[in-house]
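Visitor: After the structure tokens below, expect a handful of questions from me.
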Amino acid sequence: MSTHTTHQHHRPDDQPPVADRVTAALDELTARFSAVASERPDSDLAHAVRADRLAMVCARRAAWWQLLMARRHRAGMSMLFTRAVIHAANQEQDRARFWRDAATDWRARAERRPTSDAAGAMSNHHDLGIAS
């Protein structure tokens with residue numbers, strides 16, 4: 001028979017509480033994001049690969065925030081903290097979408113295909129045929 005109750009902070013197998021696991025995972029993913037973001041790609045395709053990697057990191061961060069949200073009833077989160085978690089998860093989903101779109105645009109550019117309207121920020125005026 002288990003001695004585990006809903007008031008204990010550790011699971012019977014001595015895993016840290018979910019908030020501690022989420023914090024550790026987010027810290028590791030933030031370090032990974034910084035490392036990838038600091039890379040300086042030397043081609044359009046390399047930019048696409050970098051953007052894909054950044055999208056994956058953001059998607060994983062969103063998933064960790066969503067895990068925390070799913071456990072909110074067990075963690076006894078306040079309404080304010082719950083709102084902050086929802087905001088953080090949504091923000092990371094938006095960031096992942098941005099980086100996926102950027103990767104698509106960089107791939108199109110590498111293949112000399114038209115890019116999205118948002119890709120103008122990644123192109124110089126000469127590439128777009130716009131006089132400076």
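Here's how to read the names in the structure tokens: chain A, B, ... by the order shown, residue numbers from 1 in each chain, ligand numbers from 1 in the order shown.
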List as number ranges by chain the protein and nucleic acid residues near range 75-85 of chain A, meaning an atom at most 9 Å away when only C-alpha atoms are counted, but skip any in the same chain fewer than 2 places from it.
Guide: A: 17-19, 65-66, 68-69, 71-73, 87-90
Visitor: Next, write the just-selected residues to a file, as a compact mmCIF listing (two decimals), in the first residue's frame, keeping N, CA, C and O atoms as the atom set.
Guide:
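What follows is the written file out_28.txt:
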```txt
# COMPACT_ATOMS: atom_id res chain seq x y z
N PRO A 17 9.05 17.31 -7.79
CA PRO A 17 7.72 17.80 -8.14
C PRO A 17 7.71 18.32 -9.57
O PRO A 17 8.74 18.71 -10.11
N VAL A 18 6.54 18.32 -10.15
CA VAL A 18 6.40 18.71 -11.55
C VAL A 18 6.95 20.11 -11.80
O VAL A 18 7.62 20.34 -12.81
N ALA A 19 6.73 21.05 -10.90
CA ALA A 19 7.25 22.41 -11.10
C ALA A 19 8.77 22.41 -11.18
O ALA A 19 9.35 23.15 -11.99
N TRP A 65 5.30 24.06 -20.63
CA TRP A 65 4.33 24.95 -20.00
C TRP A 65 2.95 24.30 -19.98
O TRP A 65 2.21 24.42 -18.99
N GLN A 66 2.60 23.60 -21.05
CA GLN A 66 1.30 22.93 -21.10
C GLN A 66 1.22 21.80 -20.08
O GLN A 66 0.17 21.57 -19.49
N LEU A 68 2.72 21.82 -17.19
CA LEU A 68 2.47 22.50 -15.92
C LEU A 68 1.01 22.91 -15.81
O LEU A 68 0.39 22.77 -14.76
N MET A 69 0.46 23.38 -16.91
CA MET A 69 -0.96 23.78 -16.92
C MET A 69 -1.86 22.58 -16.64
O MET A 69 -2.82 22.68 -15.88
N ARG A 71 -1.23 20.10 -14.88
CA ARG A 71 -1.07 19.68 -13.49
C ARG A 71 -1.50 20.74 -12.50
O ARG A 71 -1.30 20.60 -11.30
N ARG A 72 -2.07 21.84 -12.98
CA ARG A 72 -2.37 22.99 -12.11
C ARG A 72 -3.28 22.62 -10.94
O ARG A 72 -3.11 23.13 -9.85
N HIS A 73 -4.23 21.73 -11.19
CA HIS A 73 -5.16 21.38 -10.10
C HIS A 73 -4.45 20.63 -8.98
O HIS A 73 -4.80 20.76 -7.83
N HIS A 87 -0.28 32.19 -20.66
CA HIS A 87 0.39 33.19 -21.50
C HIS A 87 1.73 32.66 -22.00
O HIS A 87 2.07 32.81 -23.19
N ALA A 88 2.51 32.07 -21.12
CA ALA A 88 3.83 31.55 -21.51
C ALA A 88 3.70 30.44 -22.55
O ALA A 88 4.45 30.41 -23.53
N ALA A 89 2.75 29.54 -22.36
CA ALA A 89 2.54 28.46 -23.33
C ALA A 89 2.14 29.03 -24.69
O ALA A 89 2.68 28.62 -25.73
N ASN A 90 1.22 29.98 -24.69
CA ASN A 90 0.78 30.58 -25.95
C ASN A 90 1.91 31.34 -26.64
O ASN A 90 2.06 31.29 -27.86
```
Visitor: Which one is closest to Arg97 in chain A: A:Ala37, A:Ala51, A:Ala24, A:Leu45? Count only C-alpha atoms.
Guide: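 Checking each candidate against Arg97 in chain A, we get A:Ala51 as the closest.
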Visitor: Could you list, as a list in words, every residue within 8 Å of range 104-108 of chain A, counting only C-alpha atoms and ignoring same-chain residues fewer than 2 positions away?
Guide: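 Non-adjacent residues within range: Asp44, Leu45, His47, Ala48, Arg100, Asp101, Ala102, Ala110, Glu111, Arg112, Arg113, Pro114, Thr115, Ser116 and Ala119 of chain A.
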